[in-house]
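Asker: So here's data.cif (mmCIF, N, CA and C atoms).
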data_entry
loop_
_atom_site.label_atom_id
_atom_site.label_comp_id
_atom_site.auth_asym_id
_atom_site.auth_seq_id
_atom_site.Cartn_x
_atom_site.Cartn_y
_atom_site.Cartn_z
N MET A 1 -22.72 -44.29 19.32
CA MET A 1 -23.41 -43.05 19.05
C MET A 1 -23.95 -42.47 20.33
N SER A 2 -23.76 -41.18 20.46
CA SER A 2 -24.32 -40.53 21.64
C SER A 2 -25.60 -39.84 21.25
N SER A 3 -26.52 -39.83 22.15
CA SER A 3 -27.78 -39.16 21.86
C SER A 3 -27.75 -37.78 22.50
N THR A 4 -28.45 -36.86 21.87
CA THR A 4 -28.52 -35.50 22.36
C THR A 4 -29.68 -35.41 23.34
N THR A 5 -29.40 -34.91 24.52
CA THR A 5 -30.45 -34.76 25.53
C THR A 5 -31.29 -33.54 25.23
N ASN A 6 -32.44 -33.49 25.86
CA ASN A 6 -33.31 -32.32 25.71
C ASN A 6 -32.62 -31.06 26.19
N GLN A 7 -31.81 -31.19 27.24
CA GLN A 7 -31.09 -30.03 27.76
C GLN A 7 -30.07 -29.53 26.72
N GLN A 8 -29.38 -30.47 26.06
CA GLN A 8 -28.42 -30.09 25.03
C GLN A 8 -29.12 -29.46 23.84
N LYS A 9 -30.26 -30.03 23.46
CA LYS A 9 -31.03 -29.46 22.35
C LYS A 9 -31.48 -28.05 22.67
N GLY A 10 -31.94 -27.86 23.90
CA GLY A 10 -32.36 -26.52 24.33
C GLY A 10 -31.21 -25.53 24.28
N PHE A 11 -30.04 -25.99 24.73
CA PHE A 11 -28.87 -25.12 24.70
C PHE A 11 -28.51 -24.76 23.27
N LEU A 12 -28.52 -25.74 22.37
CA LEU A 12 -28.20 -25.48 20.97
C LEU A 12 -29.20 -24.52 20.34
N LEU A 13 -30.46 -24.70 20.67
CA LEU A 13 -31.50 -23.81 20.15
C LEU A 13 -31.28 -22.39 20.66
N LEU A 14 -30.98 -22.25 21.93
CA LEU A 14 -30.72 -20.94 22.53
C LEU A 14 -29.48 -20.30 21.92
N ALA A 15 -28.42 -21.09 21.74
CA ALA A 15 -27.19 -20.58 21.14
C ALA A 15 -27.44 -20.12 19.71
N GLY A 16 -28.22 -20.88 18.95
CA GLY A 16 -28.56 -20.50 17.58
C GLY A 16 -29.36 -19.21 17.53
N ALA A 17 -30.31 -19.08 18.45
CA ALA A 17 -31.11 -17.85 18.51
C ALA A 17 -30.25 -16.66 18.86
N ALA A 18 -29.33 -16.83 19.82
CA ALA A 18 -28.43 -15.75 20.22
C ALA A 18 -27.53 -15.34 19.05
N ALA A 19 -27.04 -16.33 18.31
CA ALA A 19 -26.20 -16.04 17.15
C ALA A 19 -26.99 -15.28 16.10
N GLY A 20 -28.25 -15.67 15.90
CA GLY A 20 -29.11 -14.97 14.94
C GLY A 20 -29.35 -13.52 15.33
N VAL A 21 -29.58 -13.29 16.61
CA VAL A 21 -29.78 -11.91 17.10
C VAL A 21 -28.50 -11.11 16.91
N ALA A 22 -27.34 -11.71 17.24
CA ALA A 22 -26.07 -11.02 17.10
C ALA A 22 -25.80 -10.68 15.63
N LEU A 23 -26.07 -11.63 14.73
CA LEU A 23 -25.86 -11.39 13.31
C LEU A 23 -26.78 -10.28 12.82
N SER A 24 -28.02 -10.28 13.26
CA SER A 24 -28.95 -9.23 12.88
C SER A 24 -28.46 -7.87 13.33
N PHE A 25 -27.91 -7.80 14.53
CA PHE A 25 -27.38 -6.55 15.06
C PHE A 25 -26.20 -6.07 14.21
N VAL A 26 -25.30 -7.00 13.85
CA VAL A 26 -24.13 -6.64 13.03
C VAL A 26 -24.58 -6.15 11.66
N VAL A 27 -25.52 -6.84 11.05
CA VAL A 27 -26.01 -6.44 9.73
C VAL A 27 -26.64 -5.05 9.79
N GLN A 28 -27.42 -4.78 10.82
CA GLN A 28 -28.02 -3.45 10.96
C GLN A 28 -26.94 -2.38 11.09
N LYS A 29 -25.91 -2.65 11.88
CA LYS A 29 -24.83 -1.68 12.06
C LYS A 29 -24.08 -1.47 10.74
N VAL A 30 -23.84 -2.54 10.00
CA VAL A 30 -23.14 -2.43 8.72
C VAL A 30 -23.98 -1.63 7.74
N LEU A 31 -25.26 -1.91 7.68
CA LEU A 31 -26.13 -1.19 6.75
C LEU A 31 -26.17 0.29 7.08
N VAL A 32 -26.20 0.62 8.37
CA VAL A 32 -26.21 2.03 8.76
C VAL A 32 -24.89 2.67 8.34
N LYS A 33 -23.78 1.97 8.51
CA LYS A 33 -22.46 2.52 8.20
C LYS A 33 -22.19 2.60 6.71
N THR A 34 -22.95 1.88 5.87
CA THR A 34 -22.66 1.88 4.45
C THR A 34 -23.38 2.99 3.70
N ARG A 35 -24.07 3.84 4.39
CA ARG A 35 -24.69 4.97 3.70
C ARG A 35 -23.60 5.87 3.14
N LYS A 36 -23.93 6.60 2.13
CA LYS A 36 -22.96 7.46 1.47
C LYS A 36 -22.62 8.64 2.39
N PRO A 37 -21.35 8.86 2.69
CA PRO A 37 -20.99 9.98 3.56
C PRO A 37 -21.18 11.30 2.82
N LYS A 38 -21.34 12.37 3.59
CA LYS A 38 -21.49 13.69 2.97
C LYS A 38 -20.21 14.12 2.29
N THR A 39 -19.09 13.77 2.88
CA THR A 39 -17.80 14.12 2.30
C THR A 39 -16.75 13.10 2.71
N VAL A 40 -15.74 13.03 1.90
CA VAL A 40 -14.58 12.19 2.18
C VAL A 40 -13.40 13.14 2.27
N LYS A 41 -12.54 12.89 3.23
CA LYS A 41 -11.36 13.74 3.41
C LYS A 41 -10.13 12.92 3.05
N ILE A 42 -9.25 13.49 2.24
CA ILE A 42 -7.99 12.84 1.92
C ILE A 42 -6.86 13.79 2.28
N THR A 43 -5.84 13.23 2.89
CA THR A 43 -4.66 14.01 3.28
C THR A 43 -3.45 13.42 2.57
N TYR A 44 -2.75 14.31 1.84
CA TYR A 44 -1.57 13.88 1.09
C TYR A 44 -0.72 15.11 0.82
N PHE A 45 0.42 14.90 0.23
CA PHE A 45 1.30 16.01 -0.13
C PHE A 45 0.69 16.83 -1.26
N ASP A 46 1.23 18.00 -1.51
CA ASP A 46 0.72 18.87 -2.56
C ASP A 46 1.31 18.47 -3.92
N ILE A 47 1.10 17.20 -4.24
CA ILE A 47 1.51 16.64 -5.53
C ILE A 47 0.40 15.69 -5.98
N GLU A 48 0.48 15.22 -7.21
CA GLU A 48 -0.52 14.26 -7.67
C GLU A 48 -0.33 12.93 -6.96
N GLY A 49 0.72 12.21 -7.25
CA GLY A 49 1.10 11.00 -6.54
C GLY A 49 -0.03 10.01 -6.28
N LEU A 50 0.06 9.35 -5.12
CA LEU A 50 -0.86 8.27 -4.77
C LEU A 50 -2.30 8.72 -4.54
N ALA A 51 -2.50 9.97 -4.20
CA ALA A 51 -3.85 10.45 -3.89
C ALA A 51 -4.62 10.90 -5.12
N GLU A 52 -3.91 11.11 -6.23
CA GLU A 52 -4.57 11.71 -7.39
C GLU A 52 -5.71 10.86 -7.94
N ARG A 53 -5.56 9.55 -7.94
CA ARG A 53 -6.63 8.69 -8.46
C ARG A 53 -7.90 8.84 -7.61
N VAL A 54 -7.73 8.99 -6.31
CA VAL A 54 -8.88 9.20 -5.42
C VAL A 54 -9.51 10.55 -5.69
N ARG A 55 -8.67 11.57 -5.84
CA ARG A 55 -9.18 12.92 -6.14
C ARG A 55 -9.99 12.91 -7.44
N LEU A 56 -9.44 12.26 -8.46
CA LEU A 56 -10.13 12.21 -9.75
C LEU A 56 -11.43 11.42 -9.67
N THR A 57 -11.41 10.31 -8.94
CA THR A 57 -12.62 9.51 -8.79
C THR A 57 -13.73 10.34 -8.15
N CYS A 58 -13.39 11.09 -7.12
CA CYS A 58 -14.39 11.93 -6.45
C CYS A 58 -14.89 13.02 -7.39
N ALA A 59 -13.97 13.64 -8.14
CA ALA A 59 -14.36 14.71 -9.06
C ALA A 59 -15.28 14.18 -10.16
N ILE A 60 -14.90 13.07 -10.77
CA ILE A 60 -15.70 12.50 -11.86
C ILE A 60 -17.03 11.98 -11.33
N GLY A 61 -17.00 11.37 -10.16
CA GLY A 61 -18.22 10.78 -9.59
C GLY A 61 -19.09 11.74 -8.81
N GLY A 62 -18.66 12.99 -8.68
CA GLY A 62 -19.49 13.98 -7.99
C GLY A 62 -19.53 13.81 -6.47
N LEU A 63 -18.51 13.22 -5.90
CA LEU A 63 -18.45 13.02 -4.45
C LEU A 63 -17.64 14.16 -3.83
N PRO A 64 -18.24 14.92 -2.92
CA PRO A 64 -17.49 16.01 -2.29
C PRO A 64 -16.24 15.47 -1.59
N LEU A 65 -15.13 16.16 -1.80
CA LEU A 65 -13.85 15.73 -1.25
C LEU A 65 -13.19 16.90 -0.54
N GLU A 66 -12.82 16.68 0.71
CA GLU A 66 -11.99 17.65 1.42
C GLU A 66 -10.55 17.24 1.15
N ASP A 67 -9.85 18.04 0.39
CA ASP A 67 -8.50 17.71 -0.08
C ASP A 67 -7.48 18.48 0.74
N VAL A 68 -6.90 17.81 1.73
CA VAL A 68 -5.91 18.44 2.61
C VAL A 68 -4.52 18.12 2.07
N ARG A 69 -3.77 19.16 1.77
CA ARG A 69 -2.42 18.97 1.22
C ARG A 69 -1.41 19.49 2.23
N VAL A 70 -0.44 18.63 2.55
CA VAL A 70 0.53 18.97 3.58
C VAL A 70 1.91 19.21 2.97
N THR A 71 2.67 20.07 3.64
CA THR A 71 4.04 20.34 3.23
C THR A 71 4.96 19.34 3.91
N GLN A 72 6.20 19.31 3.48
CA GLN A 72 7.17 18.38 4.07
C GLN A 72 7.36 18.68 5.55
N SER A 73 7.39 19.96 5.93
CA SER A 73 7.57 20.30 7.35
C SER A 73 6.34 19.91 8.17
N GLU A 74 5.15 20.04 7.60
CA GLU A 74 3.94 19.59 8.29
C GLU A 74 3.93 18.08 8.44
N TRP A 75 4.47 17.39 7.44
CA TRP A 75 4.50 15.93 7.45
C TRP A 75 5.33 15.41 8.62
N GLU A 76 6.42 16.05 8.94
CA GLU A 76 7.26 15.60 10.05
C GLU A 76 6.47 15.56 11.35
N THR A 77 5.59 16.52 11.56
CA THR A 77 4.74 16.56 12.76
C THR A 77 3.58 15.58 12.65
N LEU A 78 3.03 15.45 11.46
CA LEU A 78 1.86 14.62 11.23
C LEU A 78 2.17 13.12 11.22
N LYS A 79 3.34 12.75 10.73
CA LYS A 79 3.69 11.34 10.50
C LYS A 79 3.44 10.43 11.70
N PRO A 80 3.90 10.78 12.92
CA PRO A 80 3.66 9.87 14.04
C PRO A 80 2.18 9.71 14.41
N LYS A 81 1.35 10.62 13.93
CA LYS A 81 -0.08 10.58 14.26
C LYS A 81 -0.89 9.80 13.23
N THR A 82 -0.25 9.40 12.11
CA THR A 82 -0.99 8.67 11.08
C THR A 82 -1.05 7.19 11.44
N LYS A 83 -2.01 6.52 10.83
CA LYS A 83 -2.31 5.13 11.16
C LYS A 83 -1.10 4.21 10.98
N PHE A 84 -0.40 4.32 9.87
CA PHE A 84 0.74 3.45 9.59
C PHE A 84 2.01 4.24 9.29
N GLY A 85 2.00 5.53 9.62
CA GLY A 85 3.16 6.37 9.34
C GLY A 85 3.31 6.68 7.86
N THR A 86 2.18 6.64 7.14
CA THR A 86 2.21 6.87 5.69
C THR A 86 1.06 7.78 5.27
N LEU A 87 1.22 8.34 4.09
CA LEU A 87 0.15 9.06 3.41
C LEU A 87 -0.06 8.38 2.07
N PRO A 88 -1.23 8.49 1.48
CA PRO A 88 -2.37 9.27 1.92
C PRO A 88 -3.16 8.59 3.02
N THR A 89 -3.91 9.41 3.73
CA THR A 89 -4.91 8.89 4.64
C THR A 89 -6.25 9.43 4.18
N GLY A 90 -7.29 8.68 4.48
CA GLY A 90 -8.64 9.10 4.17
C GLY A 90 -9.46 9.09 5.45
N GLU A 91 -10.41 9.97 5.52
CA GLU A 91 -11.29 10.01 6.69
C GLU A 91 -12.73 10.01 6.22
N VAL A 92 -13.51 9.10 6.81
CA VAL A 92 -14.92 8.97 6.49
C VAL A 92 -15.68 8.88 7.80
N ASP A 93 -16.55 9.84 8.03
CA ASP A 93 -17.37 9.85 9.25
C ASP A 93 -16.52 9.67 10.52
N GLY A 94 -15.38 10.34 10.55
CA GLY A 94 -14.52 10.31 11.73
C GLY A 94 -13.60 9.11 11.83
N GLN A 95 -13.73 8.15 10.93
CA GLN A 95 -12.84 6.98 10.92
C GLN A 95 -11.72 7.22 9.92
N VAL A 96 -10.49 6.93 10.35
CA VAL A 96 -9.33 7.15 9.49
C VAL A 96 -8.91 5.84 8.84
N PHE A 97 -8.63 5.93 7.55
CA PHE A 97 -8.21 4.78 6.77
C PHE A 97 -6.92 5.11 6.04
N SER A 98 -6.24 4.07 5.61
CA SER A 98 -4.98 4.24 4.91
C SER A 98 -4.99 3.39 3.65
N GLN A 99 -3.92 3.47 2.89
CA GLN A 99 -3.71 2.71 1.66
C GLN A 99 -4.50 3.29 0.49
N SER A 100 -3.77 3.83 -0.45
CA SER A 100 -4.39 4.54 -1.57
C SER A 100 -5.32 3.65 -2.40
N GLU A 101 -4.97 2.39 -2.60
CA GLU A 101 -5.84 1.52 -3.40
C GLU A 101 -7.15 1.22 -2.67
N ALA A 102 -7.10 1.06 -1.37
CA ALA A 102 -8.33 0.84 -0.60
C ALA A 102 -9.22 2.07 -0.69
N LEU A 103 -8.61 3.25 -0.59
CA LEU A 103 -9.37 4.50 -0.71
C LEU A 103 -9.94 4.66 -2.12
N LEU A 104 -9.15 4.26 -3.11
CA LEU A 104 -9.61 4.34 -4.50
C LEU A 104 -10.82 3.44 -4.73
N ARG A 105 -10.76 2.20 -4.26
CA ARG A 105 -11.89 1.29 -4.46
C ARG A 105 -13.12 1.78 -3.69
N TYR A 106 -12.91 2.28 -2.49
CA TYR A 106 -14.03 2.77 -1.68
C TYR A 106 -14.73 3.92 -2.39
N THR A 107 -13.95 4.92 -2.83
CA THR A 107 -14.59 6.06 -3.50
C THR A 107 -15.18 5.63 -4.85
N GLY A 108 -14.56 4.65 -5.50
CA GLY A 108 -15.12 4.13 -6.75
C GLY A 108 -16.47 3.47 -6.52
N LYS A 109 -16.60 2.74 -5.42
CA LYS A 109 -17.88 2.10 -5.10
C LYS A 109 -18.93 3.14 -4.72
N LEU A 110 -18.52 4.15 -3.94
CA LEU A 110 -19.47 5.20 -3.55
C LEU A 110 -20.02 5.96 -4.76
N THR A 111 -19.17 6.19 -5.75
CA THR A 111 -19.57 6.98 -6.90
C THR A 111 -20.18 6.15 -8.03
N GLY A 112 -20.13 4.83 -7.88
CA GLY A 112 -20.65 3.96 -8.94
C GLY A 112 -19.67 3.75 -10.07
N LEU A 113 -18.42 4.22 -9.92
CA LEU A 113 -17.42 4.04 -10.96
C LEU A 113 -16.72 2.70 -10.87
N TYR A 114 -16.76 2.05 -9.71
CA TYR A 114 -16.16 0.73 -9.54
C TYR A 114 -17.25 -0.30 -9.82
N PRO A 115 -17.00 -1.22 -10.73
CA PRO A 115 -18.06 -2.15 -11.15
C PRO A 115 -18.49 -3.12 -10.05
N SER A 116 -19.76 -3.48 -10.07
CA SER A 116 -20.26 -4.50 -9.14
C SER A 116 -20.07 -5.90 -9.71
N CYS A 117 -19.94 -6.01 -11.02
CA CYS A 117 -19.70 -7.31 -11.66
C CYS A 117 -18.28 -7.77 -11.32
N PRO A 118 -18.12 -8.95 -10.76
CA PRO A 118 -16.79 -9.42 -10.36
C PRO A 118 -15.76 -9.44 -11.49
N VAL A 119 -16.15 -9.80 -12.68
CA VAL A 119 -15.20 -9.86 -13.79
C VAL A 119 -14.80 -8.44 -14.21
N ALA A 120 -15.76 -7.55 -14.27
CA ALA A 120 -15.43 -6.16 -14.60
C ALA A 120 -14.55 -5.54 -13.52
N ALA A 121 -14.83 -5.85 -12.26
CA ALA A 121 -13.99 -5.36 -11.16
C ALA A 121 -12.58 -5.93 -11.26
N LEU A 122 -12.48 -7.18 -11.67
CA LEU A 122 -11.17 -7.80 -11.86
C LEU A 122 -10.38 -7.06 -12.93
N ARG A 123 -11.06 -6.65 -14.00
CA ARG A 123 -10.37 -5.90 -15.07
C ARG A 123 -9.90 -4.53 -14.55
N VAL A 124 -10.72 -3.88 -13.75
CA VAL A 124 -10.31 -2.60 -13.16
C VAL A 124 -9.11 -2.82 -12.24
N ASP A 125 -9.17 -3.85 -11.39
CA ASP A 125 -8.05 -4.15 -10.49
C ASP A 125 -6.78 -4.49 -11.28
N GLU A 126 -6.96 -5.17 -12.40
CA GLU A 126 -5.82 -5.49 -13.27
C GLU A 126 -5.18 -4.21 -13.79
N ALA A 127 -6.00 -3.26 -14.23
CA ALA A 127 -5.49 -1.98 -14.74
C ALA A 127 -4.78 -1.20 -13.62
N ILE A 128 -5.34 -1.23 -12.42
CA ILE A 128 -4.69 -0.57 -11.28
C ILE A 128 -3.33 -1.22 -11.01
N GLY A 129 -3.28 -2.53 -11.06
CA GLY A 129 -2.03 -3.25 -10.85
C GLY A 129 -0.98 -2.92 -11.90
N ILE A 130 -1.40 -2.81 -13.15
CA ILE A 130 -0.48 -2.45 -14.23
C ILE A 130 0.08 -1.05 -13.99
N GLN A 131 -0.80 -0.13 -13.60
CA GLN A 131 -0.35 1.23 -13.31
C GLN A 131 0.65 1.23 -12.15
N ASN A 132 0.38 0.45 -11.13
CA ASN A 132 1.30 0.36 -9.99
C ASN A 132 2.65 -0.23 -10.42
N ASP A 133 2.60 -1.28 -11.21
CA ASP A 133 3.85 -1.91 -11.68
C ASP A 133 4.67 -0.92 -12.49
N ALA A 134 4.00 -0.17 -13.37
CA ALA A 134 4.72 0.81 -14.19
C ALA A 134 5.33 1.90 -13.32
N GLY A 135 4.57 2.36 -12.35
CA GLY A 135 5.09 3.39 -11.45
C GLY A 135 6.26 2.87 -10.63
N ASN A 136 6.17 1.65 -10.15
CA ASN A 136 7.27 1.05 -9.38
C ASN A 136 8.52 0.90 -10.24
N ALA A 137 8.34 0.53 -11.50
CA ALA A 137 9.48 0.36 -12.40
C ALA A 137 10.15 1.72 -12.67
N LEU A 138 9.36 2.76 -12.78
CA LEU A 138 9.91 4.09 -13.03
C LEU A 138 10.70 4.64 -11.84
N TYR A 139 10.22 4.33 -10.65
CA TYR A 139 10.81 4.95 -9.46
C TYR A 139 11.74 4.01 -8.70
N SER A 140 12.07 2.86 -9.27
CA SER A 140 12.98 1.96 -8.55
C SER A 140 14.37 1.98 -9.15
#
Please, can you express the file's structure as structure tokens?

Answerer:
Amino acid sequence: MSSTTNQQKGFLLLAGAAAGVALSFVVQKVLVKTRKPKTVKITYFDIEGLAERVRLTCAIGGLPLEDVRVTQSEWETLKPKTKFGTLPTGEVDGQVFSQSEALLRYTGKLTGLYPSCPVAALRVDEAIGIQNDAGNALYS
């Protein structure tokens, strides 16, 4: 067995304190960033498609939505500038996000329409998955 020296104990104590300060800083930044934005921007084609669930969630939940609809010719120019070369994209406080289901869950949480109970959220996710499976079956 090796014994821990006072110098090692001091180092561990200092490292633990530094980690605590760093964690506190991260938590403060996360809490500041989790405030409800004034508006959410979604960019998609001028069809219902993948963005419609987000649009409806914002409408039902009373969350202001900037709904940018692009034409096919605009898409050709916009595509290389998007995060993953896909639509829809969402923008919150200047940060761009992708993936319609991620945007749906985010707006659902902001509006209180997405449940905080894990089992209820699982049921919502199950329904989203069923809708996706049905849509994939129709269009494949």

Asker: Since I can't run it myself right now, could you work out what the PyMOL selection byres (((chain A and resi 66 and name CA) around 7) and name CA) selects here and report it as a PyMOL selection string?

Answerer: chain A and resi 39-42+64-65+67-68

Asker: Please determine, counting all atoms listed in the file, which residue among A:Ala137, A:Glu74, A:Cys117, A:Leu103 has the shortest atom-to-atom distance to Arg55 in chain A.

Answerer: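 Selected residue with least distance to Arg55 in chain A: A:Leu103.
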
Asker: Work out how far apart CA of Cys58 in chain A and atom C of Gly108 in chain A are and give it in Å to one decimal.

Answerer: 8.7 Å

Asker: Record the distance separating CA of Ser116 in chain A and CA of Ala134 in chain A, expressed in Å with one decimal.

Answerer: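 Value for the CA of Ser116 in chain A-CA of Ala134 in chain A distance: 26.0 Å.
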
Asker: Restricting the calculation to all atoms listed in the file: of A:Val119, A:Leu110, A:Leu50, A:Leu87, which residue gets closest to Lys36 in chain A?

Answerer: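 Ranked by minimum distance to Lys36 in chain A, first place goes to A:Leu110.
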
Asker: Kindly indicate which residue among A:Pro118, A:Gly135, A:Gly112, A:Pro88 lies nearest to Gly61 in chain A, using all atoms listed in the file for the distances.

Answerer: A:Gly112

Asker: Would you mind telling me which residue in A:Thr43, A:Glu101, A:Thr111, A:Phe84 lies nearest to Ala127 in chain A when using only C-alpha atoms?

Answerer: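 Ranking A:Thr43, A:Glu101, A:Thr111, A:Phe84 by distance to Ala127 in chain A, first place goes to A:Glu101.
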
Asker: Once the PyMOL selection byres ((chain A and resi 70) around 6.5) is applied to the coordinates I shared, what remains selected? I want it as a ChimeraX atom specification.

Answerer: /A:43-46,68-69,71-75

Asker: To one decimal place in Å, what is the distance between CA of Ala121 in chain A and CA of Tyr139 in chain A?

Answerer: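 A separation of 26.9 Å between them.
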
Asker: Counting all atoms listed in the file, which of A:Arg53, A:Leu63, A:Gln131, A:Lys79 gets nearest to Arg105 in chain A?

Answerer: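 That would be A:Arg53, the residue with the smallest distance to Arg105 in chain A.
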
Asker: Per DSSP on the backbone, filter range 45-140 of chain A down to the residues in strand (DSSP E) and report them as a list of chain:residue names.

Answerer: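 Answer for range 45-140 of chain A restricted to strand (DSSP E) is A:Phe45, A:Leu65, A:Glu66, A:Asp67, A:Val68, A:Arg69, A:Val70, A:Thr89, A:Gly90, A:Glu91, A:Val92, A:Gln95, A:Val96, A:Phe97, A:Ser98.
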